[in-house]
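Engineer: Next comes the structure file my_file30.csv, holding CSV, C-alpha atoms and all ligand atoms.
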chain,number,residue,atom,x,y,z
V,1,MET,CA,-79.4,-25.1,-36.0
V,2,SER,CA,-79.8,-28.5,-34.2
V,3,GLY,CA,-77.3,-29.4,-31.5
V,4,ALA,CA,-76.0,-32.3,-33.5
V,5,ALA,CA,-75.3,-30.0,-36.6
V,6,ALA,CA,-73.6,-27.4,-34.3
V,7,ALA,CA,-71.4,-30.1,-32.8
V,8,GLY,CA,-70.5,-31.3,-36.3
V,9,LEU,CA,-69.7,-27.8,-37.3
V,10,ASN,CA,-67.6,-27.3,-34.2
V,11,GLY,CA,-65.7,-30.5,-34.9
V,12,TRP,CA,-64.9,-29.3,-38.4
V,13,GLU,CA,-63.9,-25.9,-37.2
V,14,ASP,CA,-61.6,-27.3,-34.5
V,15,GLY,CA,-60.1,-29.5,-37.2
V,16,LEU,CA,-59.5,-26.5,-39.4
V,17,ARG,CA,-57.5,-24.9,-36.6
V,18,ALA,CA,-55.3,-28.0,-36.2
V,19,ARG,CA,-54.5,-27.6,-39.9
V,20,HIS,CA,-53.6,-23.9,-39.5
V,21,LEU,CA,-56.8,-22.6,-41.1
V,22,ILE,CA,-58.8,-20.1,-39.1
V,23,PRO,CA,-62.5,-19.4,-39.7
V,24,LEU,CA,-62.5,-15.6,-39.9
V,25,TRP,CA,-66.2,-15.5,-38.8
V,26,GLN,CA,-65.1,-16.6,-35.3
V,27,VAL,CA,-62.5,-13.9,-34.9
V,28,MET,CA,-63.6,-11.0,-37.0
V,29,ARG,CA,-65.4,-9.0,-34.3
V,30,GLY,CA,-62.3,-9.0,-32.2
V,31,MET,CA,-60.2,-7.8,-35.1
V,32,LEU,CA,-62.5,-4.9,-35.9
V,33,PRO,CA,-63.5,-3.1,-32.7
V,34,SER,CA,-65.5,0.1,-33.4
V,35,GLU,CA,-62.6,2.2,-32.1
V,36,PRO,CA,-59.0,1.7,-30.8
V,37,THR,CA,-58.6,-0.3,-27.6
V,38,PRO,CA,-54.9,0.1,-26.9
V,39,PRO,CA,-53.4,-2.7,-24.7
V,40,ALA,CA,-50.9,-0.2,-23.4
V,41,VAL,CA,-51.8,1.9,-20.3
V,42,ALA,CA,-50.9,5.4,-19.3
V,43,HIS,CA,-48.0,5.4,-16.8
V,44,HIS,CA,-45.8,7.9,-14.9
V,45,TRP,CA,-42.1,7.4,-14.0
V,46,ARG,CA,-40.8,10.0,-11.5
V,47,ALA,CA,-37.2,11.1,-11.7
V,48,ALA,CA,-37.0,11.0,-7.9
V,49,ASP,CA,-37.7,7.3,-8.1
V,50,PHE,CA,-35.4,6.2,-10.9
V,51,ASN,CA,-32.5,8.6,-10.5
V,52,PRO,CA,-31.0,6.5,-7.6
V,53,ASP,CA,-31.2,3.4,-9.9
V,54,LEU,CA,-29.3,5.2,-12.7
V,55,GLU,CA,-26.6,6.0,-10.2
V,56,ARG,CA,-26.5,2.4,-9.0
V,57,ALA,CA,-26.4,1.2,-12.6
V,58,ALA,CA,-23.4,3.5,-13.1
V,59,ARG,CA,-21.6,2.1,-10.1
V,60,GLU,CA,-22.3,-1.5,-10.9
V,61,ILE,CA,-22.3,-1.7,-14.7
V,62,SER,CA,-19.6,-0.2,-16.8
V,63,ALA,CA,-20.7,1.6,-20.0
V,64,GLU,CA,-18.2,-0.5,-21.9
V,65,LEU,CA,-19.7,-3.8,-20.7
V,66,ALA,CA,-23.2,-2.6,-21.1
V,67,GLU,CA,-22.5,-1.1,-24.6
V,68,ARG,CA,-25.4,1.2,-23.8
V,69,ARG,CA,-26.2,1.9,-20.1
V,70,VAL,CA,-29.9,2.4,-20.3
V,71,LEU,CA,-32.9,1.9,-18.0
V,72,LEU,CA,-35.9,1.3,-20.1
V,73,PHE,CA,-39.4,2.5,-19.4
V,74,GLU,CA,-41.5,-0.6,-19.9
V,75,ASN,CA,-45.3,-0.3,-20.2
V,76,PRO,CA,-47.0,-2.2,-17.3
V,77,SER,CA,-49.2,-3.8,-20.0
V,78,TYR,CA,-46.3,-5.3,-21.9
V,79,PRO,CA,-44.2,-7.2,-19.3
V,80,GLY,CA,-41.0,-8.6,-20.8
V,81,GLU,CA,-41.5,-6.7,-24.1
V,82,SER,CA,-39.2,-3.7,-23.4
V,83,ARG,CA,-41.6,-1.2,-24.9
V,84,ILE,CA,-43.4,1.8,-23.6
V,85,THR,CA,-46.2,1.6,-26.2
V,86,ALA,CA,-47.0,-0.9,-28.9
V,87,THR,CA,-44.7,1.0,-31.3
V,88,LEU,CA,-42.1,2.9,-29.2
V,89,HIS,CA,-39.0,2.2,-27.1
V,90,ALA,CA,-37.9,4.7,-24.5
V,91,GLY,CA,-35.3,4.7,-21.8
V,92,ILE,CA,-32.7,6.9,-20.0
V,93,GLN,CA,-29.1,6.5,-21.0
V,94,TYR,CA,-26.5,7.5,-18.5
V,95,LEU,CA,-22.8,8.2,-19.2
V,96,LEU,CA,-20.2,9.1,-16.5
V,97,PRO,CA,-17.2,11.4,-17.1
V,98,GLY,CA,-14.6,9.7,-19.2
V,99,GLU,CA,-16.9,7.0,-20.5
V,100,THR,CA,-17.7,6.1,-24.1
V,101,ALA,CA,-20.3,3.9,-25.8
V,102,ALA,CA,-18.7,2.3,-28.9
V,103,PRO,CA,-20.1,3.1,-32.4
V,104,HIS,CA,-22.6,0.7,-34.0
V,105,ARG,CA,-25.4,1.0,-36.5
V,106,HIS,CA,-28.8,-0.5,-37.0
V,107,ALA,CA,-32.1,-0.4,-38.9
V,108,GLN,CA,-33.9,1.3,-36.0
V,109,SER,CA,-34.1,5.1,-35.9
V,110,ALA,CA,-33.4,6.9,-32.6
V,111,LEU,CA,-33.8,10.3,-31.1
V,112,ARG,CA,-32.2,11.6,-27.9
V,113,PHE,CA,-33.5,14.4,-25.7
V,114,ILE,CA,-30.8,15.6,-23.4
V,115,LEU,CA,-31.7,15.8,-19.7
V,116,GLU,CA,-28.6,16.6,-17.8
V,117,GLY,CA,-25.1,17.6,-18.3
V,118,ALA,CA,-23.2,19.4,-21.0
V,119,GLY,CA,-20.1,18.6,-22.9
V,120,ALA,CA,-20.9,15.0,-23.9
V,121,TYR,CA,-21.4,14.1,-27.5
V,122,THR,CA,-23.0,11.8,-29.9
V,123,GLU,CA,-21.2,11.0,-33.1
V,124,VAL,CA,-23.7,10.4,-36.0
V,125,GLY,CA,-22.4,9.4,-39.4
V,126,GLY,CA,-18.9,10.5,-38.5
V,127,GLU,CA,-19.9,14.0,-37.3
V,128,ARG,CA,-19.7,15.0,-33.6
V,129,PHE,CA,-22.7,16.7,-32.0
V,130,THR,CA,-22.1,18.3,-28.6
V,131,MET,CA,-24.9,18.0,-26.2
V,132,ALA,CA,-26.6,20.6,-24.0
V,133,ALA,CA,-29.6,20.1,-21.7
V,134,GLY,CA,-32.8,20.2,-23.7
V,135,ASP,CA,-31.2,19.5,-27.1
V,136,LEU,CA,-32.7,17.0,-29.5
V,137,ILE,CA,-30.2,14.9,-31.5
V,138,LEU,CA,-31.3,12.3,-34.1
V,139,THR,CA,-29.8,9.0,-35.3
V,140,PRO,CA,-31.4,8.1,-38.6
V,141,ALA,CA,-31.7,4.5,-39.5
V,142,PHE,CA,-28.4,2.8,-40.3
V,143,ALA,CA,-26.2,5.8,-39.4
V,144,TRP,CA,-23.1,4.9,-37.4
V,145,HIS,CA,-23.4,6.3,-33.9
V,146,GLY,CA,-21.5,6.3,-30.6
V,147,HIS,CA,-21.5,8.4,-27.5
V,148,GLY,CA,-18.8,9.9,-25.3
V,149,ASN,CA,-18.5,12.1,-22.2
V,150,PRO,CA,-15.2,13.9,-22.0
V,151,GLY,CA,-16.7,16.4,-19.5
V,152,ASN,CA,-16.6,16.3,-15.7
V,153,ALA,CA,-20.3,15.7,-14.9
V,154,ALA,CA,-22.5,12.7,-15.6
V,155,VAL,CA,-24.9,13.1,-18.6
V,156,ALA,CA,-28.3,11.6,-19.0
V,157,TRP,CA,-30.6,11.6,-22.0
V,158,LEU,CA,-33.9,10.1,-23.1
V,159,ASP,CA,-33.6,7.6,-25.9
V,160,GLY,CA,-36.6,7.2,-28.2
V,161,LEU,CA,-36.5,4.4,-30.8
V,162,ASP,CA,-38.9,2.7,-33.2
V,163,LEU,CA,-37.6,-0.7,-32.1
V,164,PRO,CA,-41.1,-2.3,-31.8
V,165,ILE,CA,-42.0,-1.1,-35.3
V,166,VAL,CA,-38.9,-2.6,-36.9
V,167,ARG,CA,-39.4,-5.8,-34.8
V,168,LEU,CA,-42.9,-6.1,-36.1
V,169,MET,CA,-41.8,-5.8,-39.7
V,170,GLY,CA,-38.9,-8.3,-39.1
V,171,THR,CA,-36.4,-5.9,-40.7
V,172,THR,CA,-33.8,-5.7,-37.9
V,173,PHE,CA,-30.2,-5.5,-39.2
V,174,ALA,CA,-27.3,-4.3,-37.0
V,175,GLU,CA,-23.5,-4.0,-37.2
V,176,MET,CA,-21.7,-3.8,-33.9
V,177,LYS,CA,-18.2,-3.2,-35.4
V,178,PRO,CA,-17.3,-0.1,-37.4
V,179,PRO,CA,-15.4,-0.6,-40.7
V,180,VAL,CA,-11.6,-1.0,-40.5
V,181,GLY,CA,-10.1,2.5,-40.4
V,182,GLY,CA,-13.3,3.8,-38.7
V,183,VAL,CA,-16.3,5.8,-39.9
V,184,PRO,CA,-15.2,8.7,-42.3
V,185,LYS,CA,-15.3,11.9,-40.3
V,186,THR,CA,-17.1,15.1,-41.1
V,187,PRO,CA,-16.2,18.4,-39.3
V,188,GLU,CA,-18.3,19.3,-36.3
V,189,GLY,CA,-21.0,21.9,-37.2
V,190,ALA,CA,-21.3,20.8,-40.9
V,191,ALA,CA,-24.9,19.5,-40.6
V,192,MET,CA,-26.0,22.6,-38.7
V,193,ALA,CA,-24.4,24.9,-41.3
V,194,ARG,CA,-26.0,23.1,-44.2
V,195,PHE,CA,-29.4,22.5,-42.8
V,196,GLY,CA,-29.9,24.3,-39.5
V,197,SER,CA,-29.9,28.1,-40.3
V,198,GLY,CA,-33.1,28.4,-42.2
V,199,MET,CA,-31.0,28.2,-45.4
V,200,LEU,CA,-30.2,25.1,-47.4
V,201,PRO,CA,-27.5,24.0,-49.8
V,202,ALA,CA,-28.3,25.8,-53.1
V,203,GLU,CA,-27.2,22.9,-55.3
V,204,PRO,CA,-29.8,20.1,-55.7
V,205,GLN,CA,-29.6,17.6,-52.8
V,206,ALA,CA,-31.0,14.1,-52.4
V,207,ILE,CA,-33.7,14.3,-49.7
V,208,SER,CA,-33.1,11.7,-47.0
V,209,VAL,CA,-36.1,10.3,-45.2
V,210,ALA,CA,-34.7,11.6,-41.8
V,211,SER,CA,-33.8,15.2,-41.1
V,212,PRO,CA,-30.2,15.8,-42.2
V,213,ARG,CA,-30.0,18.6,-39.6
V,214,ILE,CA,-29.6,16.0,-36.8
V,215,HIS,CA,-29.3,18.5,-34.0
V,216,TYR,CA,-32.0,20.8,-32.6
V,217,PRO,CA,-30.5,22.9,-29.8
V,218,TYR,CA,-32.7,23.9,-26.9
V,219,VAL,CA,-31.7,27.5,-26.9
V,220,GLN,CA,-33.4,27.9,-30.3
V,221,ALA,CA,-36.5,25.8,-29.7
V,222,ARG,CA,-37.0,27.2,-26.1
V,223,GLY,CA,-36.4,30.8,-27.4
V,224,ALA,CA,-39.1,30.3,-30.0
V,225,LEU,CA,-41.6,29.1,-27.4
V,226,ALA,CA,-40.7,32.0,-25.1
V,227,GLN,CA,-41.3,34.5,-27.9
V,228,LEU,CA,-44.7,32.9,-28.8
V,229,ALA,CA,-45.8,32.9,-25.1
V,230,LYS,CA,-45.2,36.7,-25.0
V,231,GLY,CA,-48.0,37.7,-27.2
V,232,MET,CA,-49.6,34.9,-29.3
V,233,PRO,CA,-52.7,33.1,-28.1
V,234,ALA,CA,-52.1,29.6,-26.6
V,235,ASP,CA,-53.7,26.5,-28.2
V,236,PRO,CA,-56.5,25.4,-25.9
V,237,VAL,CA,-55.1,21.8,-25.8
V,238,HIS,CA,-51.3,22.0,-26.3
V,239,GLY,CA,-50.4,25.5,-25.0
V,240,TYR,CA,-47.6,26.7,-27.2
V,241,ARG,CA,-46.4,23.6,-29.2
V,242,LEU,CA,-43.9,23.4,-32.0
V,243,ALA,CA,-42.9,20.3,-33.9
V,244,TYR,CA,-39.3,19.6,-34.8
V,245,ALA,CA,-39.2,19.7,-38.6
V,246,HIS,CA,-37.2,18.2,-41.5
V,247,PRO,CA,-35.7,21.3,-43.1
V,248,GLN,CA,-36.2,20.1,-46.7
V,249,THR,CA,-39.8,18.7,-46.4
V,250,GLY,CA,-41.2,20.7,-43.5
V,251,GLY,CA,-42.5,17.3,-42.4
V,252,PRO,CA,-41.5,15.2,-39.4
V,253,ILE,CA,-37.9,14.6,-38.4
V,254,MET,CA,-38.0,10.8,-39.1
V,255,PRO,CA,-40.3,8.4,-41.0
V,256,THR,CA,-41.5,6.7,-37.9
V,257,MET,CA,-41.3,9.3,-35.1
V,258,ALA,CA,-42.3,12.9,-34.6
V,259,ALA,CA,-41.2,15.1,-31.8
V,260,TYR,CA,-42.5,18.3,-30.1
V,261,LEU,CA,-41.6,20.9,-27.6
V,262,GLN,CA,-44.4,22.7,-25.8
V,263,LEU,CA,-44.7,25.5,-23.3
V,264,LEU,CA,-47.6,25.5,-20.8
V,265,PRO,CA,-48.0,28.9,-19.3
V,266,GLN,CA,-48.4,29.2,-15.5
V,267,GLY,CA,-52.0,28.5,-14.7
V,268,PHE,CA,-52.7,26.7,-18.0
V,269,ALA,CA,-55.7,24.4,-17.9
V,270,GLY,CA,-55.9,22.5,-21.2
V,271,GLY,CA,-59.0,21.0,-22.7
V,272,PHE,CA,-59.5,17.2,-23.1
V,273,TYR,CA,-57.9,15.7,-26.2
V,274,ARG,CA,-57.3,12.4,-27.8
V,275,THR,CA,-55.3,11.3,-30.8
V,276,THR,CA,-54.4,8.0,-32.3
V,277,GLU,CA,-50.7,8.7,-31.9
V,278,ALA,CA,-49.0,7.3,-28.8
V,279,LEU,CA,-47.1,10.1,-26.9
V,280,VAL,CA,-44.1,9.8,-24.6
V,281,PHE,CA,-43.5,12.9,-22.5
V,282,SER,CA,-40.3,14.2,-20.8
V,283,VAL,CA,-40.6,17.2,-18.5
V,284,ALA,CA,-37.8,19.7,-19.2
V,285,GLU,CA,-38.9,22.6,-16.9
V,286,GLY,CA,-41.6,23.4,-14.4
V,287,GLU,CA,-44.5,21.6,-12.8
V,288,GLY,CA,-47.9,20.5,-13.7
V,289,ARG,CA,-50.3,17.6,-14.0
V,290,THR,CA,-51.8,15.5,-16.7
V,291,THR,CA,-55.1,13.7,-16.3
V,292,VAL,CA,-55.8,10.6,-18.4
V,293,ILE,CA,-59.0,8.6,-18.7
V,294,GLY,CA,-58.4,4.9,-19.2
V,295,LEU,CA,-60.5,2.6,-21.4
V,296,ASP,CA,-62.4,1.5,-18.3
V,297,GLY,CA,-63.3,5.2,-17.6
V,298,ALA,CA,-60.9,5.3,-14.6
V,299,GLU,CA,-59.2,8.7,-14.2
V,300,LYS,CA,-55.4,8.9,-13.4
V,301,THR,CA,-53.6,12.1,-12.6
V,302,PHE,CA,-49.9,12.4,-13.0
V,303,THR,CA,-48.4,15.2,-11.0
V,304,TRP,CA,-45.1,15.9,-12.7
V,305,SER,CA,-41.9,17.9,-12.4
V,306,ARG,CA,-38.6,18.2,-14.1
V,307,HIS,CA,-37.2,15.0,-15.6
V,308,ASP,CA,-40.3,13.0,-14.9
V,309,HIS,CA,-41.5,10.9,-17.9
V,310,PHE,CA,-45.0,9.6,-18.7
V,311,VAL,CA,-46.7,7.8,-21.6
V,312,ILE,CA,-50.2,8.3,-23.0
V,313,PRO,CA,-51.2,5.5,-25.4
V,314,GLY,CA,-53.2,6.4,-28.5
V,315,TRP,CA,-56.9,7.3,-28.2
V,316,LEU,CA,-57.0,7.8,-24.4
V,317,ARG,CA,-58.5,11.2,-23.4
V,318,PHE,CA,-56.0,13.4,-21.6
V,319,ARG,CA,-55.5,17.0,-20.6
V,320,HIS,CA,-52.5,19.1,-19.3
V,321,GLU,CA,-52.4,21.6,-16.5
V,322,ALA,CA,-49.5,23.7,-15.3
V,323,ASN,CA,-49.1,25.2,-11.8
V,324,ARG,CA,-45.9,26.9,-12.9
V,325,GLU,CA,-44.7,27.6,-16.4
V,326,ALA,CA,-43.6,24.3,-17.8
V,327,VAL,CA,-41.8,23.1,-20.9
V,328,VAL,CA,-42.4,19.5,-22.0
V,329,PHE,CA,-40.7,17.5,-24.8
V,330,SER,CA,-42.6,14.6,-26.4
V,331,PHE,CA,-42.3,12.1,-29.2
V,332,SER,CA,-44.8,9.9,-31.0
V,333,ASP,CA,-45.4,7.4,-33.8
V,334,LYS,CA,-47.5,10.0,-35.8
V,335,PRO,CA,-45.6,10.0,-39.1
V,336,LEU,CA,-46.1,6.3,-39.7
V,337,GLN,CA,-49.8,6.6,-38.8
V,338,HIS,CA,-50.1,9.6,-41.1
V,339,THR,CA,-48.4,7.8,-44.0
V,340,MET,CA,-50.9,5.0,-43.6
V,341,GLY,CA,-53.9,7.4,-43.5
V,342,LEU,CA,-54.7,6.4,-39.9
V,343,TRP,CA,-53.9,9.5,-37.8
V,344,ARG,CA,-56.8,11.2,-36.1
V,345,GLU,CA,-57.4,13.6,-33.3
V,346,VAL,CA,-60.5,14.8,-31.4
V,347,ARG,CA,-60.6,18.1,-29.3
V,348,GLU,CA,-63.2,18.0,-26.6
V,349,HIS,CA,-63.7,21.5,-25.4
V,401,LIG,O1,-27.7,4.6,-27.9
V,401,LIG,O2,-27.3,3.4,-29.6
V,401,LIG,O3,-31.9,2.9,-25.9
V,401,LIG,O4,-28.7,1.2,-29.9
V,401,LIG,C1,-31.4,1.3,-27.5
V,401,LIG,C2,-30.6,0.8,-28.5
V,401,LIG,C3,-30.0,3.2,-27.2
V,401,LIG,C4,-28.0,3.6,-28.6
V,401,LIG,C5,-31.1,2.4,-26.9
V,401,LIG,C6,-29.5,1.6,-28.9
V,401,LIG,C7,-29.2,2.8,-28.3
V,402,FE2,FE,-27.8,2.4,-31.3
Starting from the coordinates I provided, produce the structure as structure tokens.
Ligand code: GTQ
Ligand code: FE2

Structural biologist:
Amino acid sequence: MSGAAAAGLNGWEDGLRARHLIPLWQVMRGMLPSEPTPPAVAHHWRAADFNPDLERAAREISAELAERRVLLFENPSYPGESRITATLHAGIQYLLPGETAAPHRHAQSALRFILEGAGAYTEVGGERFTMAAGDLILTPAFAWHGHGNPGNAAVAWLDGLDLPIVRLMGTTFAEMKPPVGGVPKTPEGAAMARFGSGMLPAEPQAISVASPRIHYPYVQARGALAQLAKGMPADPVHGYRLAYAHPQTGGPIMPTMAAYLQLLPQGFAGGFYRTTEALVFSVAEGEGRTTVIGLDGAEKTFTWSRHDHFVIPGWLRFRHEANREAVVFSFSDKPLQHTMGLWREVREH
């Protein structure tokens, strides 16, 4: 093509842009890389680093004023975007004895993995769920929820929300004031009795997209892992890993987020692995390290212990090792990927 013709073409193409028309042939290669190139990076937040900041937040910011006293984990690749990966929001919520966080509801789904302190509660859809360390408690989309700590020790938990997904779809609705007369109450223990014993209501039930069980106590999940670790072979990548399940479907607990609890036996040296799902990890017990290989081939090793958090964006290679027996909680965006036919994994060992 002659220079003059190219210039004419460029002039026309620039003109198109000014009229909000984009020539796909200029941008298509960038839209269709041969494999995922996540903008997010792997990152590690040490409990020893952020714990003093939670305490300072507790001194300086009342839970009432804050509505939710949360320190968010923001991915270094997304400054100002309050997200830990492209799709997920994560942070530590902290509540002092006697504090409450008023009920509200929103389109976003949430999960809470309890780190510290017992006796606090979350109220979901009018039912109270009492927290113990290591429990998982869900807040399905649009369920009324508030938190309270009537105990005598501070409580902290990991919040995981699908906020960036809902933001992307432009479907955020929220109500910050409960209806007059309050949210209708259900007695404590009802959800567990109906959905959490391995039995289900015998009469036909509508199946909600989120698990109606809501509460997954640590004693049960941890006990199952301990039992498996006594005699079953460990998975070469994940050690002993169980997924929290929707009791009626056997599928993930929520339409956008899956969650797992895994035990890595002492001396475990996992094989390298990658998956399209982005994973946020919370260390419940023990010590170990996770090695991640970035897109640029650079290797990072996170040496972690209890209450540390780290994120592995999708499609980065990683492996876990444990010096001492470790139990690690994680959550991800797998269900949405699975629904869209996008989820993949590769085991490299
Ligand atoms: O506890 O209701 O981390 O609404 C972000 C938004 C927690 C909550 C978060 C929320 C909450
Ligand atoms: Fe909320």

Engineer: Residues at most 9 Å from V:Glu13, counting all atoms listed in the file, excluding those fewer than 5 positions away in the same chain, as number ranges by chain?

Structural biologist: V: 8, 18, 21-23

Engineer: Kindly indicate which residue among V:Asp235, V:Glu203, V:Asp333, V:Glu55 lies nearest to V:Val280, using all atoms listed in the file for the distances.

Structural biologist: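 Answer, going by the shortest atom-to-atom distance: V:Asp333.
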
Engineer: Residues up to 10 Å from ligand LIG 401 (chain V), counting all atoms listed in the file: could you list those as a ChimeraX atom specification?

Structural biologist: /V:67-73,89-94,101-112,122,139,144-147,157-163,174,176

Engineer: Interatomic distance between atom CA of V:Met28 and atom CA of V:Pro313?

Structural biologist: 23.7 Å

Engineer: To one decimal place in Å, what is the distance between atom CA of V:Tyr273 and atom CA of V:Glu345?

Structural biologist: 7.4 Å

Engineer: One number please: atom CA of V:Glu188 to atom CA of V:Val124, in Å, one decimal.

Structural biologist: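 Value for the atom CA of V:Glu188-atom CA of V:Val124 distance: 10.4 Å.
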
Engineer: Which is closer to V:Glu299 than all the others in V:Leu24, V:Leu264, V:Ala42, V:Trp12, using all atoms listed in the file?

Structural biologist: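 Nearest candidate to V:Glu299 out of V:Leu24, V:Leu264, V:Ala42, V:Trp12: V:Ala42.
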
Engineer: Pick out the residues sitting within 7 Å of stretch 126-130 of chain V, and hand them over as a PyMOL selection string; count only C-alpha atoms, and ignore anything fewer than 3 positions along from it in its own chain.

Structural biologist: chain V and resi 119-123+183-188

Engineer: When distances are computed from only C-alpha atoms and all ligand atoms, which of V:Leu65, V:Ala258, V:Ala143, V:Val41 shows the smallest separation from ligand FE2 402 (chain V)?

Structural biologist: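 Under the stated criterion, the closest residue is V:Ala143.
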
Engineer: Residues near V:Lys300, anyone? I mean within 7 Å using all atoms listed in the file, not counting same-chain ones fewer than 3 positions away, as a PyMOL selection string.

Structural biologist: chain V and resi 291-293

Engineer: Kindly indicate which residue among V:Ala66, V:Gln266, V:Phe142, V:Gly250 lies nearest to V:Pro178, using only C-alpha atoms for the distances.

Structural biologist: V:Phe142

Engineer: Could you tell me which of V:Gly341, V:Pro33, V:Pro179, V:Pro39 comes closest to V:Pro76 if we count only C-alpha atoms?

Structural biologist: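 Using only C-alpha atoms, the shortest distance to V:Pro76 belongs to V:Pro39.
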
Engineer: Using all atoms listed in the file, pick whichever of V:Ala226, V:Pro265, V:Tyr244, V:Ala141 has the shortest atom-to-atom distance to V:Val209.

Structural biologist: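 Distance minimum relative to V:Val209 lands on V:Ala141.
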